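Structure, as structure tokens:
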Amino acid sequence: MEKGMEKKEVLKMEQVSYSYVSRGERTEVLEDADAVFERGKLYAVMGPSGSGKTTTLMLLGRLEEPEKGSVLYEGKKICGQEAQGYRTWHTSMVFQAYNLFPYLTARENVEVSMEIVGKKQDRRKRAEELLTQMGIGPELHRKLVGKLSGGEQQRVAIARALAKDADIVLADEPTGNLDEKNAAVIQELFRKIAHEMGKCVIVATHSAEFAKKADQVLRMKHKRFTVVEE
Ligand SMILES: Nc1ncnc2c1ncn2[C@@H]1O[C@H](COP(=O)(O)OP(=O)(O)O)[C@@H](O)[C@H]1O
Ligand SMILES: [Mg+2]
């Protein structure tokens, strides 16, 4: 298929229900929820604490399986066994707590993610490019990530997510621990990742500033998403 002819719709939730059961108590998080996501767009999933933002990202990244309904990638349902391949090849998750390897350097953390998907390019060079693009200067590439600031670690985590070159980037409150200035830098990065790199970027956030940058806001309401066009 020619570029530009590619279908923009990349990910879809169809009638998804999900609940947690712990100590015999059931918490329904989603009930018959629908959502559609396109390439080249930035989405903000918003809602109060406990409303199901993290669960939504886990379902979209297929780290959790819907109890009812489906998650579709390019129009095809991701069935049980396909979830692992989908996770590895098509999605990147930026976790709220970064989940970096503290005893590896910034550069090594990014290289690891290319190794996992068997990228044959010059990994070191690519890792350095990505880190620089994220505003992590060369003097920090060889530092252990455990010694970097929160804002710097957040940027390394984003560089690592991009290294796989997956078409869907999921990020859980990526500016939650940052001051205003750093948050603005990260928000702008995500906007570019969607608009300039053509990725489908979905972030869970509390930030109204972030929501302003998004192409579409999905507000969690009554276990479903209400779409607000920006
Ligand atoms: N592992 C779990 N076991 C039981 N309940 C959970 C678990 N994870 C989340 N929940 C509950 O599910 C609801 C949605 O959680 P979550 O998706 O983390 O919301 P948010 O990210 O919007 O704060 C909350 O009520 C939370 O307490
Ligand atoms: Mg959360």
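FYI, nothing fancy with the structure tokens labels: chains A, B, ... in order, residues from 1 per chain, ligands from 1 as they appear.
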From a DSSP calculation on the backbone, collect every residue of segment 161-216 of chain A in strand (DSSP E) and output the set as a PDB file with C-alpha atoms, in the first residue's frame.
```pdb
ATOM      1  CA  ILE A 168       1.112   2.835  18.913  1.00  0.00           C
ATOM      2  CA  VAL A 169       2.607   4.681  21.884  1.00  0.00           C
ATOM      3  CA  LEU A 170       0.816   4.426  25.222  1.00  0.00           C
ATOM      4  CA  ALA A 171       1.875   6.598  28.151  1.00  0.00           C
ATOM      5  CA  ASP A 172       0.547   6.600  31.705  1.00  0.00           C
ATOM      6  CA  CYS A 200      -0.920   6.925  17.345  1.00  0.00           C
ATOM      7  CA  VAL A 201      -0.195   8.383  20.779  1.00  0.00           C
ATOM      8  CA  ILE A 202      -2.513   7.787  23.728  1.00  0.00           C
ATOM      9  CA  VAL A 203      -1.727   9.357  27.090  1.00  0.00           C
ATOM     10  CA  ALA A 204      -3.523   9.115  30.401  1.00  0.00           C
ATOM     11  CA  GLN A 216      -9.065  14.421  20.968  1.00  0.00           C
TER      12      GLN A 216
END
```
* Using DSSP on the backbone coordinates, identify all residues within segment 49-125 of chain A classified as helix (DSSP H, G or I); present the result as a VMD selection string. => chain A and resid 53 to 60 80 to 90 106 to 116 123 to 125
Dump of N, CA and C atoms for the selected residues, as a short mmCIF file (atom, residue, chain, number, x, y, z; two decimals), in the first residue's frame:
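This went into result_12.cif:
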```
data_model
loop_
_atom_site.label_atom_id
_atom_site.label_comp_id
_atom_site.auth_asym_id
_atom_site.auth_seq_id
_atom_site.Cartn_x
_atom_site.Cartn_y
_atom_site.Cartn_z
N LYS A 53 -8.15 4.93 33.92
CA LYS A 53 -7.21 5.35 32.87
C LYS A 53 -6.11 4.30 32.65
N THR A 54 -5.49 3.89 33.75
CA THR A 54 -4.41 2.90 33.63
C THR A 54 -4.95 1.59 33.06
N THR A 55 -6.10 1.17 33.52
CA THR A 55 -6.71 -0.07 33.01
C THR A 55 -6.94 0.04 31.50
N THR A 56 -7.41 1.20 31.06
CA THR A 56 -7.64 1.41 29.63
C THR A 56 -6.34 1.23 28.83
N LEU A 57 -5.25 1.81 29.32
CA LEU A 57 -3.96 1.67 28.61
C LEU A 57 -3.51 0.21 28.60
N MET A 58 -3.73 -0.48 29.72
CA MET A 58 -3.34 -1.90 29.80
C MET A 58 -4.14 -2.74 28.79
N LEU A 59 -5.39 -2.40 28.63
CA LEU A 59 -6.24 -3.13 27.67
C LEU A 59 -5.82 -2.80 26.25
N LEU A 60 -5.53 -1.52 25.98
CA LEU A 60 -5.13 -1.12 24.62
C LEU A 60 -3.78 -1.73 24.26
N GLY A 80 -6.42 -14.22 21.90
CA GLY A 80 -5.52 -14.68 22.96
C GLY A 80 -4.05 -14.79 22.59
N GLN A 81 -3.72 -15.69 21.65
CA GLN A 81 -2.31 -15.96 21.36
C GLN A 81 -1.61 -14.85 20.59
N GLU A 82 -2.41 -14.00 19.93
CA GLU A 82 -1.80 -12.93 19.15
C GLU A 82 -1.37 -11.75 20.01
N ALA A 83 -1.83 -11.75 21.26
CA ALA A 83 -1.57 -10.60 22.12
C ALA A 83 -0.07 -10.35 22.31
N GLN A 84 0.69 -11.42 22.44
CA GLN A 84 2.12 -11.24 22.70
C GLN A 84 2.83 -10.56 21.52
N GLY A 85 2.52 -11.02 20.33
CA GLY A 85 3.12 -10.43 19.14
C GLY A 85 2.70 -8.98 18.98
N TYR A 86 1.44 -8.72 19.22
CA TYR A 86 0.92 -7.34 19.14
C TYR A 86 1.67 -6.44 20.11
N ARG A 87 1.80 -6.92 21.35
CA ARG A 87 2.50 -6.17 22.39
C ARG A 87 3.94 -5.88 22.00
N THR A 88 4.61 -6.89 21.48
CA THR A 88 6.03 -6.75 21.17
C THR A 88 6.27 -5.85 19.97
N TRP A 89 5.48 -6.03 18.92
CA TRP A 89 5.78 -5.38 17.66
C TRP A 89 5.03 -4.08 17.42
N HIS A 90 3.86 -3.95 17.95
CA HIS A 90 3.04 -2.80 17.55
C HIS A 90 2.80 -1.75 18.63
N ALA A 106 21.70 5.33 30.39
CA ALA A 106 20.58 5.84 29.60
C ALA A 106 20.60 5.19 28.22
N ARG A 107 21.80 5.19 27.61
CA ARG A 107 21.91 4.65 26.25
C ARG A 107 21.57 3.16 26.21
N GLU A 108 22.08 2.41 27.19
CA GLU A 108 21.82 0.97 27.22
C GLU A 108 20.33 0.66 27.39
N ASN A 109 19.65 1.47 28.19
CA ASN A 109 18.21 1.27 28.37
C ASN A 109 17.47 1.36 27.04
N VAL A 110 17.91 2.28 26.20
CA VAL A 110 17.27 2.46 24.90
C VAL A 110 17.67 1.33 23.95
N GLU A 111 18.94 0.93 24.02
CA GLU A 111 19.42 -0.16 23.15
C GLU A 111 18.70 -1.48 23.42
N VAL A 112 18.43 -1.74 24.69
CA VAL A 112 17.77 -2.99 25.06
C VAL A 112 16.46 -3.18 24.30
N SER A 113 15.73 -2.09 24.17
CA SER A 113 14.43 -2.20 23.54
C SER A 113 14.57 -2.52 22.04
N MET A 114 15.67 -2.07 21.42
CA MET A 114 15.91 -2.43 20.01
C MET A 114 16.36 -3.88 19.89
N GLU A 115 17.10 -4.34 20.87
CA GLU A 115 17.54 -5.74 20.87
C GLU A 115 16.34 -6.68 20.92
N ILE A 116 15.37 -6.33 21.75
CA ILE A 116 14.20 -7.18 21.94
C ILE A 116 13.47 -7.43 20.62
N ARG A 123 22.60 0.16 16.75
CA ARG A 123 21.73 0.46 17.90
C ARG A 123 22.27 1.61 18.75
N ARG A 124 23.58 1.60 18.90
CA ARG A 124 24.18 2.63 19.73
C ARG A 124 23.93 4.02 19.14
N LYS A 125 24.12 4.11 17.84
CA LYS A 125 23.95 5.39 17.16
C LYS A 125 22.49 5.84 17.26
#
```
* Contact residues around segment 206-211 of chain A with only C-alpha atoms at 7 Å, ignoring same-chain residues under 4 positions, as a list in words -> Ala44, Met46, Gln187 and Val217 of chain A
* **Using only C-alpha atoms: which of A:Met93, A:Val36, A:Leu100, A:Val45 has the shortest distance to Glu74 of chain A** => A:Val36
* Nearest residue to Val228 of chain A from the set A:Leu144, A:Leu130, A:Ala214, A:Ala33 (distances using only C-alpha atoms) ->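 Closest to Val228 of chain A, using only C-alpha atoms: A:Ala214.
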* Structure fact -> If you count only C-alpha atoms and all ligand atoms, the residue of A:Gly150, A:Gly176, A:Pro138, A:Gly61 closest to ligand 2 turns out to be A:Gly176
* Closest to Val185 of chain A among A:Arg155, A:Lys223, A:Arg160, A:Arg26, using only C-alpha atoms? ->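 With only C-alpha atoms as the atom set, the closest residue is A:Arg155.
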* Could you give me the residues within 7 Å of ligand 1, counting only C-alpha atoms and all ligand atoms, as a list of chain:residue names? =>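 Going residue by residue within 7 Å of ligand 1, we get A:Tyr20, A:Val21, A:Ser22, A:Thr27, A:Val29, A:Gly47, A:Pro48, A:Ser49, A:Gly50, A:Ser51, A:Gly52, A:Lys53, A:Thr54, A:Thr55, A:Thr56.
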Selection file, all heavy atoms, as a short mmCIF file (atom, residue, chain, number, x, y, z; two decimals), in the first residue's frame:
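In the end it all went to again24.cif:
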```cif
data_model
loop_
_atom_site.label_atom_id
_atom_site.label_comp_id
_atom_site.auth_asym_id
_atom_site.auth_seq_id
_atom_site.Cartn_x
_atom_site.Cartn_y
_atom_site.Cartn_z
N TYR A 20 -12.09 -5.93 37.91
CA TYR A 20 -11.12 -6.61 38.78
C TYR A 20 -11.91 -7.33 39.85
O TYR A 20 -12.92 -6.82 40.35
CB TYR A 20 -10.21 -5.60 39.48
CG TYR A 20 -9.28 -4.86 38.56
CD1 TYR A 20 -9.55 -3.56 38.15
CD2 TYR A 20 -8.10 -5.46 38.12
CE1 TYR A 20 -8.68 -2.87 37.33
CE2 TYR A 20 -7.21 -4.77 37.29
CZ TYR A 20 -7.51 -3.48 36.90
OH TYR A 20 -6.65 -2.80 36.10
N VAL A 21 -11.44 -8.49 40.23
CA VAL A 21 -12.02 -9.16 41.38
C VAL A 21 -10.91 -9.37 42.38
O VAL A 21 -9.88 -9.96 42.08
CB VAL A 21 -12.64 -10.52 41.00
CG1 VAL A 21 -13.27 -11.17 42.23
CG2 VAL A 21 -13.68 -10.35 39.90
N SER A 22 -11.10 -8.76 43.56
CA SER A 22 -10.10 -9.02 44.59
C SER A 22 -10.81 -9.20 45.93
O SER A 22 -11.72 -8.44 46.26
CB SER A 22 -9.04 -7.92 44.61
OG SER A 22 -9.24 -7.00 45.62
N THR A 27 -14.81 -4.93 41.08
CA THR A 27 -14.81 -3.52 40.68
C THR A 27 -14.95 -3.46 39.17
O THR A 27 -14.06 -3.86 38.45
CB THR A 27 -13.47 -2.83 41.07
OG1 THR A 27 -13.16 -3.15 42.42
CG2 THR A 27 -13.54 -1.33 40.89
N VAL A 29 -14.70 -1.64 35.87
CA VAL A 29 -13.98 -0.45 35.42
C VAL A 29 -14.54 0.04 34.08
O VAL A 29 -14.80 1.22 33.91
CB VAL A 29 -12.47 -0.71 35.33
CG1 VAL A 29 -11.73 0.56 34.94
CG2 VAL A 29 -11.93 -1.23 36.65
N GLY A 47 -9.80 11.71 33.48
CA GLY A 47 -10.80 11.26 34.45
C GLY A 47 -10.17 11.25 35.82
O GLY A 47 -8.94 11.19 35.93
N PRO A 48 -11.00 11.30 36.87
CA PRO A 48 -10.44 11.31 38.21
C PRO A 48 -9.67 10.03 38.53
O PRO A 48 -9.78 9.03 37.81
CB PRO A 48 -11.68 11.45 39.11
CG PRO A 48 -12.86 11.24 38.27
CD PRO A 48 -12.46 11.36 36.83
N SER A 49 -8.91 10.10 39.59
CA SER A 49 -8.15 8.95 40.06
C SER A 49 -9.11 7.78 40.30
O SER A 49 -10.18 7.97 40.85
CB SER A 49 -7.48 9.36 41.37
OG SER A 49 -6.38 8.56 41.57
N GLY A 50 -8.75 6.62 39.83
CA GLY A 50 -9.59 5.44 40.04
C GLY A 50 -10.67 5.26 38.99
O GLY A 50 -11.46 4.32 39.05
N SER A 51 -10.69 6.15 37.98
CA SER A 51 -11.76 6.05 36.98
C SER A 51 -11.45 5.02 35.88
O SER A 51 -12.32 4.68 35.09
CB SER A 51 -12.05 7.42 36.37
OG SER A 51 -10.89 7.92 35.74
N GLY A 52 -10.19 4.56 35.82
CA GLY A 52 -9.89 3.49 34.86
C GLY A 52 -8.93 3.85 33.74
O GLY A 52 -8.85 3.14 32.74
N LYS A 53 -8.15 4.93 33.92
CA LYS A 53 -7.21 5.35 32.87
C LYS A 53 -6.11 4.30 32.65
O LYS A 53 -5.84 3.90 31.52
CB LYS A 53 -6.59 6.71 33.22
CG LYS A 53 -7.60 7.82 33.39
CD LYS A 53 -6.95 9.15 33.73
CE LYS A 53 -6.22 9.17 35.07
NZ LYS A 53 -7.07 8.91 36.25
N THR A 54 -5.49 3.89 33.75
CA THR A 54 -4.41 2.90 33.63
C THR A 54 -4.95 1.59 33.06
O THR A 54 -4.34 0.99 32.16
CB THR A 54 -3.76 2.66 35.01
OG1 THR A 54 -3.16 3.88 35.44
CG2 THR A 54 -2.68 1.58 34.95
N THR A 55 -6.10 1.17 33.52
CA THR A 55 -6.71 -0.07 33.01
C THR A 55 -6.94 0.04 31.50
O THR A 55 -6.68 -0.91 30.76
CB THR A 55 -8.05 -0.33 33.74
OG1 THR A 55 -7.82 -0.30 35.14
CG2 THR A 55 -8.65 -1.68 33.35
N THR A 56 -7.41 1.20 31.06
CA THR A 56 -7.64 1.41 29.63
C THR A 56 -6.34 1.23 28.83
O THR A 56 -6.33 0.54 27.81
CB THR A 56 -8.21 2.83 29.40
OG1 THR A 56 -9.47 2.92 30.06
CG2 THR A 56 -8.39 3.15 27.93
#
```
